Every structure is written in C-alpha cells, then in structure tokens.
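Following: one structure in structure tokens, then a few remarks.
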Amino acid sequence: MTVHTHQIAAAPRLHWRRKFFYRLQKPGIYLILGLLALAILLPIASLVITSLKKDDEYLSYPIVWFPAVPQWHNYQLATTVFPFIKYVGNSLLLAFVFSVLTVGSSAMAGFAFSRLQSQRRQRLFSIVIALLMIPNIVFVIPQFVIFARVGLTNTYWPWVLWGVTGSPFHIFLFRQFFSSIPKELEEAAEIDGASIWRMFWQIFLPNAKPVIATSYMLNFIWVWGDWFTPLIYLSDNNTTLAVKLSRAYVNSQGFTLTTVALAGSVLYTIPILILFFVGQKQIVENAVTSGLKG
C-alpha cells in the first residue's frame with residue numbers, strides 16, 4: 001500500500017486539531033452547564049429577594065432590585081395569617097400516604113410484569129403503556145362523579161385508592177429495573193426454596209432502592225405541588241397548603257399581600273428541597289443503572 005507524503009504531513013496537524021478541540025470540550029461543557037444553572041437559580045434568587053421587600057418596593061418603578069431593609073417579618077406573617085402548620089400537616093400526610101401506596105403497588109405490578117410467566121402478560125403490559133398516552137385531565141370528571149356518588153369527596157380516600165391502584169409510569173419504571181436483574185439470582189433463590197413473595201421482598205425490592213427513591217420523590221412532589229385536585233375534592237378545612245397559599249394572603253380590603261405571599265411560597269419549597277438533597281444520591285444511582293441492560 002502506497003502512503004503519500006502529504007498524508008504523512010497532514011497526520012500531525014490532524015492530531016493537533018483533535019487535541020485542541022478536546023481541550024476546549026470540557027470548558028465548553030462547564031460553560032453550558034453554568035448557564036443552565038444560572039437560568040434555573042435566577043428565578044429562585046428573585047423569589048427570595050422579593051419576599052424580603054416591602055410592598056411599595058415591590059411595586060416601585062424603576063425596579064428596586066434589593067430591599068433597603070430586609071423585611072423578615074414577612075415570613076412571620078406568612079405563617080400566622082392562617083394556620084400554616086395545619087395545612088403543612090395536611091399536605092405532608094396526603095403526599096406521604098399516596099407516595100408509599102403508589103410505590104408499593106407499582107413495585108409489585110412491575111415485578112409481576114417482569115418475572116411472572118403468563119400468556120397475557122404482554123397484552124396487559126401494553127394496556128399499561130397505552131394508559132401513559134392518555135392525559136390525566138380526561139379522567140377528572142368521571143372520577144369526581146364516581147367519588148361524589150359514593151360519598152368520598154372531602155376525604156383523603158381518593159388518594160388512597162389512586163395509590164393502591166399504582167401508576168402506569170412507575171409500573172413501567174419498576175418493570176424495566178427488575179428486568180435488568182440477572183435471572184441467575186432468581187434461579188438460585190428458587191433452588192433454595194424461596195417463594196415468589198420472598199424473592200420479591202428479600203431480593204428484588206432491596207436491590208431497587210434507587211428506583212424506590214426516585215418513584216417516591218416523583219409521587220411526593222406531584223401531590224405536594226398539586227393544586228387542582230385538592231381544590232375540587234377537599235373543603236377549606238381539609239385542603240392542602242398549595243390551595244391555601246393561592247387565596248389566603250389578602251388584607252381586609254381584599255388586596256393581595258404580594259411579598260407575604262412570596263415569603264409563603266419560599267417556605268412552601270423547603271420540604272421539596274430537603275427531600276431532594278436527602279434522595280439525590282439515589283436519583284443519580286437510578287439514572288446510571290437505568291441505562292444498564294441485564
């Protein structure tokens with residue numbers, strides 16, 4: 001094979017270019033990630049800063065970027081205008097119960113679709129996948145009519161029943177994870193005489209901690225941040241913090257206490273931030289293991 005001299009001369013230049021672009025690659029990635037982080041953090045910083053302003057500073061023009069004197073009493077007002085702790089408890093209870101039930105039922109269904117042999121397993125799983133394509137808003141009126149007729153409105157029973165029936169997305173999530181576990185592990189458990197339930201509770205579920213944490217957090221955040229469902233199902237006394245925040249911060253003339261409402265919004269985000277920082281390791285582990293094929 002003949003090698004031309006100009007090809008030999010071009011090889012070092014090509015190598016130098018690749019090396020140059022490789023060196024630029026890391027700073028470029030960090031720059032993009034930094035800009036994305038800035039775009040996410042700026043609204044949060046604006047929320048916190050504005051919650052420390054007076055109402056006249058919030059409404060002033062030209063814009064007052066920072067408060068002359070931080071109004072920390074806005075946070076005190078945010079928790080005393082209405083029974084703040086009571087509605088925090090309502091939201092925490094509802095989110096906790098729904099998340100635990102949804103994770104448990106979805107894990108069992110995902111295990112069944114992954115490991116139990118049945119002729120109609122694929123058909124049933126296709127129905128579950130099809131449910132992912134239907135918007136939740138389609139079910140709102142039929143479900144409300146059913147729960148109203150059986151007397152379950154203004155109670156937390158709808159969330160309990162929704163949790164018991166599982167979620168199509170989380171069933172899919174668990175099914176994919178359980179499918180990645182080597183079959184040799186299941187066969188070894190069968191040789192030791194383990195039943196299906198024992199394999200599920202002692203082998204598969206302990207190995208699914210990243211998926212459990214991710215599923216729990218997603219369900220918790222959905223219930224915690226849901227405004228529409230509690231609004232139509234629950235009375236003012238039993239409703240969640242999300243609904244109460246949207247209409248509680250008004251003065252005697254009916255005007256919104258904007259900076260106090262923003263202070264309440266900051267407090268509203270704290271449980272989610274705590275949950276994220278506690279479970280972020282499991283989320284990252286789930287993101288890594290979800291790409292592996294067993």
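Labeling convention for the structure tokens: chains A, B, ... as they appear, residues from 1 per chain, ligands from 1 in order of appearance.
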
Contact residues around segment 241-258 of chain A with only C-alpha atoms at 10 Å, ignoring same-chain residues under 4 positions, as a PDB file with N, CA and C atoms, in the first residue's frame:
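Final output, saved to part.pdb:
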```pdb
ATOM      1  N   THR A  50     -37.320  39.142  46.569  1.00  0.00           N
ATOM      2  CA  THR A  50     -38.587  39.880  46.551  1.00  0.00           C
ATOM      3  C   THR A  50     -39.410  39.616  47.798  1.00  0.00           C
ATOM      4  N   SER A  51     -39.292  38.412  48.363  1.00  0.00           N
ATOM      5  CA  SER A  51     -40.046  38.103  49.581  1.00  0.00           C
ATOM      6  C   SER A  51     -39.577  38.925  50.774  1.00  0.00           C
ATOM      7  N   LYS A  53     -38.873  42.220  50.501  1.00  0.00           N
ATOM      8  CA  LYS A  53     -39.158  43.620  50.205  1.00  0.00           C
ATOM      9  C   LYS A  53     -40.444  44.081  50.884  1.00  0.00           C
ATOM     10  N   LYS A  54     -40.605  45.385  50.957  1.00  0.00           N
ATOM     11  CA  LYS A  54     -41.895  45.970  51.301  1.00  0.00           C
ATOM     12  C   LYS A  54     -42.772  45.971  50.053  1.00  0.00           C
ATOM     13  N   ASP A  55     -44.067  46.092  50.239  1.00  0.00           N
ATOM     14  CA  ASP A  55     -44.963  46.122  49.081  1.00  0.00           C
ATOM     15  C   ASP A  55     -44.680  47.296  48.168  1.00  0.00           C
ATOM     16  N   TYR A  58     -41.743  46.524  46.044  1.00  0.00           N
ATOM     17  CA  TYR A  58     -42.104  45.556  45.008  1.00  0.00           C
ATOM     18  C   TYR A  58     -42.806  46.230  43.833  1.00  0.00           C
ATOM     19  N   LEU A  59     -43.631  47.230  44.129  1.00  0.00           N
ATOM     20  CA  LEU A  59     -44.428  47.892  43.091  1.00  0.00           C
ATOM     21  C   LEU A  59     -43.756  49.125  42.503  1.00  0.00           C
ATOM     22  N   ASN A  74     -42.047  39.398  57.061  1.00  0.00           N
ATOM     23  CA  ASN A  74     -42.916  38.815  56.027  1.00  0.00           C
ATOM     24  C   ASN A  74     -43.089  37.304  56.245  1.00  0.00           C
ATOM     25  N   LEU A  77     -45.438  36.774  59.149  1.00  0.00           N
ATOM     26  CA  LEU A  77     -46.824  36.968  58.713  1.00  0.00           C
ATOM     27  C   LEU A  77     -47.298  35.785  57.873  1.00  0.00           C
ATOM     28  N   ALA A  78     -46.403  35.239  57.044  1.00  0.00           N
ATOM     29  CA  ALA A  78     -46.773  34.125  56.160  1.00  0.00           C
ATOM     30  C   ALA A  78     -47.229  32.905  56.946  1.00  0.00           C
ATOM     31  N   VAL A  81     -50.901  34.351  59.260  1.00  0.00           N
ATOM     32  CA  VAL A  81     -52.146  34.838  58.652  1.00  0.00           C
ATOM     33  C   VAL A  81     -53.226  33.768  58.694  1.00  0.00           C
ATOM     34  N   PHE A  82     -52.821  32.512  58.541  1.00  0.00           N
ATOM     35  CA  PHE A  82     -53.730  31.367  58.648  1.00  0.00           C
ATOM     36  C   PHE A  82     -52.966  30.235  59.325  1.00  0.00           C
ATOM     37  N   PRO A  83     -53.634  29.171  59.767  1.00  0.00           N
ATOM     38  CA  PRO A  83     -52.932  28.058  60.451  1.00  0.00           C
ATOM     39  C   PRO A  83     -51.985  27.323  59.501  1.00  0.00           C
ATOM     40  N   PHE A  84     -50.815  27.900  59.293  1.00  0.00           N
ATOM     41  CA  PHE A  84     -49.859  27.409  58.307  1.00  0.00           C
ATOM     42  C   PHE A  84     -49.444  25.967  58.603  1.00  0.00           C
ATOM     43  N   ILE A  85     -49.127  25.679  59.862  1.00  0.00           N
ATOM     44  CA  ILE A  85     -48.640  24.345  60.233  1.00  0.00           C
ATOM     45  C   ILE A  85     -49.706  23.280  59.985  1.00  0.00           C
ATOM     46  N   LYS A  86     -50.950  23.637  60.216  1.00  0.00           N
ATOM     47  CA  LYS A  86     -52.035  22.669  59.994  1.00  0.00           C
ATOM     48  C   LYS A  86     -52.086  22.227  58.539  1.00  0.00           C
ATOM     49  N   TYR A  87     -51.982  23.173  57.618  1.00  0.00           N
ATOM     50  CA  TYR A  87     -52.067  22.827  56.195  1.00  0.00           C
ATOM     51  C   TYR A  87     -50.778  22.168  55.701  1.00  0.00           C
ATOM     52  N   VAL A  88     -49.652  22.493  56.341  1.00  0.00           N
ATOM     53  CA  VAL A  88     -48.428  21.738  56.057  1.00  0.00           C
ATOM     54  C   VAL A  88     -48.625  20.273  56.424  1.00  0.00           C
ATOM     55  N   GLY A  89     -49.251  20.042  57.593  1.00  0.00           N
ATOM     56  CA  GLY A  89     -49.533  18.669  58.016  1.00  0.00           C
ATOM     57  C   GLY A  89     -50.466  17.946  57.064  1.00  0.00           C
ATOM     58  N   ASN A  90     -51.509  18.651  56.579  1.00  0.00           N
ATOM     59  CA  ASN A  90     -52.420  18.042  55.602  1.00  0.00           C
ATOM     60  C   ASN A  90     -51.669  17.601  54.348  1.00  0.00           C
ATOM     61  N   SER A  91     -50.806  18.480  53.843  1.00  0.00           N
ATOM     62  CA  SER A  91     -50.067  18.175  52.615  1.00  0.00           C
ATOM     63  C   SER A  91     -49.075  17.037  52.828  1.00  0.00           C
ATOM     64  N   LEU A  92     -48.371  17.077  53.960  1.00  0.00           N
ATOM     65  CA  LEU A  92     -47.393  16.022  54.245  1.00  0.00           C
ATOM     66  C   LEU A  92     -48.066  14.661  54.389  1.00  0.00           C
ATOM     67  N   VAL A 223     -48.023  15.252  44.490  1.00  0.00           N
ATOM     68  CA  VAL A 223     -49.101  15.539  45.439  1.00  0.00           C
ATOM     69  C   VAL A 223     -48.841  16.875  46.139  1.00  0.00           C
ATOM     70  N   TRP A 224     -47.606  17.112  46.539  1.00  0.00           N
ATOM     71  CA  TRP A 224     -47.273  18.356  47.242  1.00  0.00           C
ATOM     72  C   TRP A 224     -47.559  19.576  46.363  1.00  0.00           C
ATOM     73  N   GLY A 225     -47.268  19.478  45.097  1.00  0.00           N
ATOM     74  CA  GLY A 225     -47.449  20.619  44.207  1.00  0.00           C
ATOM     75  C   GLY A 225     -48.786  20.674  43.502  1.00  0.00           C
ATOM     76  N   ASP A 226     -49.619  19.660  43.703  1.00  0.00           N
ATOM     77  CA  ASP A 226     -50.913  19.625  43.013  1.00  0.00           C
ATOM     78  C   ASP A 226     -51.868  20.641  43.640  1.00  0.00           C
ATOM     79  N   TRP A 227     -52.420  21.490  42.809  1.00  0.00           N
ATOM     80  CA  TRP A 227     -53.378  22.497  43.257  1.00  0.00           C
ATOM     81  C   TRP A 227     -54.796  22.156  42.824  1.00  0.00           C
ATOM     82  N   PHE A 228     -54.940  21.608  41.642  1.00  0.00           N
ATOM     83  CA  PHE A 228     -56.265  21.418  41.055  1.00  0.00           C
ATOM     84  C   PHE A 228     -57.072  20.328  41.764  1.00  0.00           C
ATOM     85  N   THR A 229     -56.461  19.171  41.999  1.00  0.00           N
ATOM     86  CA  THR A 229     -57.212  18.049  42.584  1.00  0.00           C
ATOM     87  C   THR A 229     -57.730  18.353  43.992  1.00  0.00           C
ATOM     88  N   PRO A 230     -56.895  18.845  44.919  1.00  0.00           N
ATOM     89  CA  PRO A 230     -57.448  19.195  46.240  1.00  0.00           C
ATOM     90  C   PRO A 230     -58.506  20.288  46.173  1.00  0.00           C
ATOM     91  N   LEU A 231     -58.383  21.174  45.197  1.00  0.00           N
ATOM     92  CA  LEU A 231     -59.347  22.270  45.078  1.00  0.00           C
ATOM     93  C   LEU A 231     -60.753  21.750  44.831  1.00  0.00           C
ATOM     94  N   LEU A 234     -61.577  18.666  48.133  1.00  0.00           N
ATOM     95  CA  LEU A 234     -61.498  18.909  49.571  1.00  0.00           C
ATOM     96  C   LEU A 234     -62.080  20.258  49.948  1.00  0.00           C
ATOM     97  N   ASP A 236     -62.265  23.651  52.584  1.00  0.00           N
ATOM     98  CA  ASP A 236     -61.209  24.556  53.022  1.00  0.00           C
ATOM     99  C   ASP A 236     -60.498  24.040  54.259  1.00  0.00           C
ATOM    100  N   ASN A 237     -61.188  23.325  55.117  1.00  0.00           N
ATOM    101  CA  ASN A 237     -60.603  22.833  56.358  1.00  0.00           C
ATOM    102  C   ASN A 237     -59.641  21.671  56.123  1.00  0.00           C
ATOM    103  N   LEU A 262     -45.174  35.716  48.636  1.00  0.00           N
ATOM    104  CA  LEU A 262     -43.905  35.193  48.128  1.00  0.00           C
ATOM    105  C   LEU A 262     -43.091  34.552  49.250  1.00  0.00           C
ATOM    106  N   ALA A 263     -43.165  35.127  50.441  1.00  0.00           N
ATOM    107  CA  ALA A 263     -42.490  34.507  51.588  1.00  0.00           C
ATOM    108  C   ALA A 263     -43.094  33.134  51.875  1.00  0.00           C
ATOM    109  N   GLY A 264     -44.420  33.043  51.793  1.00  0.00           N
ATOM    110  CA  GLY A 264     -45.069  31.747  51.959  1.00  0.00           C
ATOM    111  C   GLY A 264     -44.654  30.763  50.880  1.00  0.00           C
ATOM    112  N   SER A 265     -44.446  31.263  49.658  1.00  0.00           N
ATOM    113  CA  SER A 265     -44.007  30.390  48.568  1.00  0.00           C
ATOM    114  C   SER A 265     -42.605  29.856  48.812  1.00  0.00           C
ATOM    115  N   TYR A 268     -42.873  27.174  51.213  1.00  0.00           N
ATOM    116  CA  TYR A 268     -43.548  26.047  50.561  1.00  0.00           C
ATOM    117  C   TYR A 268     -42.558  25.137  49.828  1.00  0.00           C
TER     118      TYR A 268
END
```

Just the residues within 8 Å of Val160 of chain A, please, counting only C-alpha atoms, with nothing from its chain fewer than 4 positions along; format it as a short mmCIF file (atom, residue, chain, number, x, y, z; two decimals) with C-alpha atoms, in the first residue's frame.
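Printed below is result34.cif as written:
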```
data_model
loop_
_atom_site.label_atom_id
_atom_site.label_comp_id
_atom_site.auth_asym_id
_atom_site.auth_seq_id
_atom_site.Cartn_x
_atom_site.Cartn_y
_atom_site.Cartn_z
CA VAL A 97 -49.64 8.14 52.18
CA PHE A 98 -50.11 8.45 48.42
CA LEU A 101 -49.02 3.23 48.46
CA TYR A 156 -58.45 11.55 51.58
CA VAL A 164 -53.40 1.34 45.77
#
```

- Task: Would you please work out which residue, of A:Ile141, A:Glu57, A:Pro182, A:Trp72, is nearest to Arg115 of chain A when using only C-alpha atoms?
- Result: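 Selected residue with least distance to Arg115 of chain A: A:Pro182.
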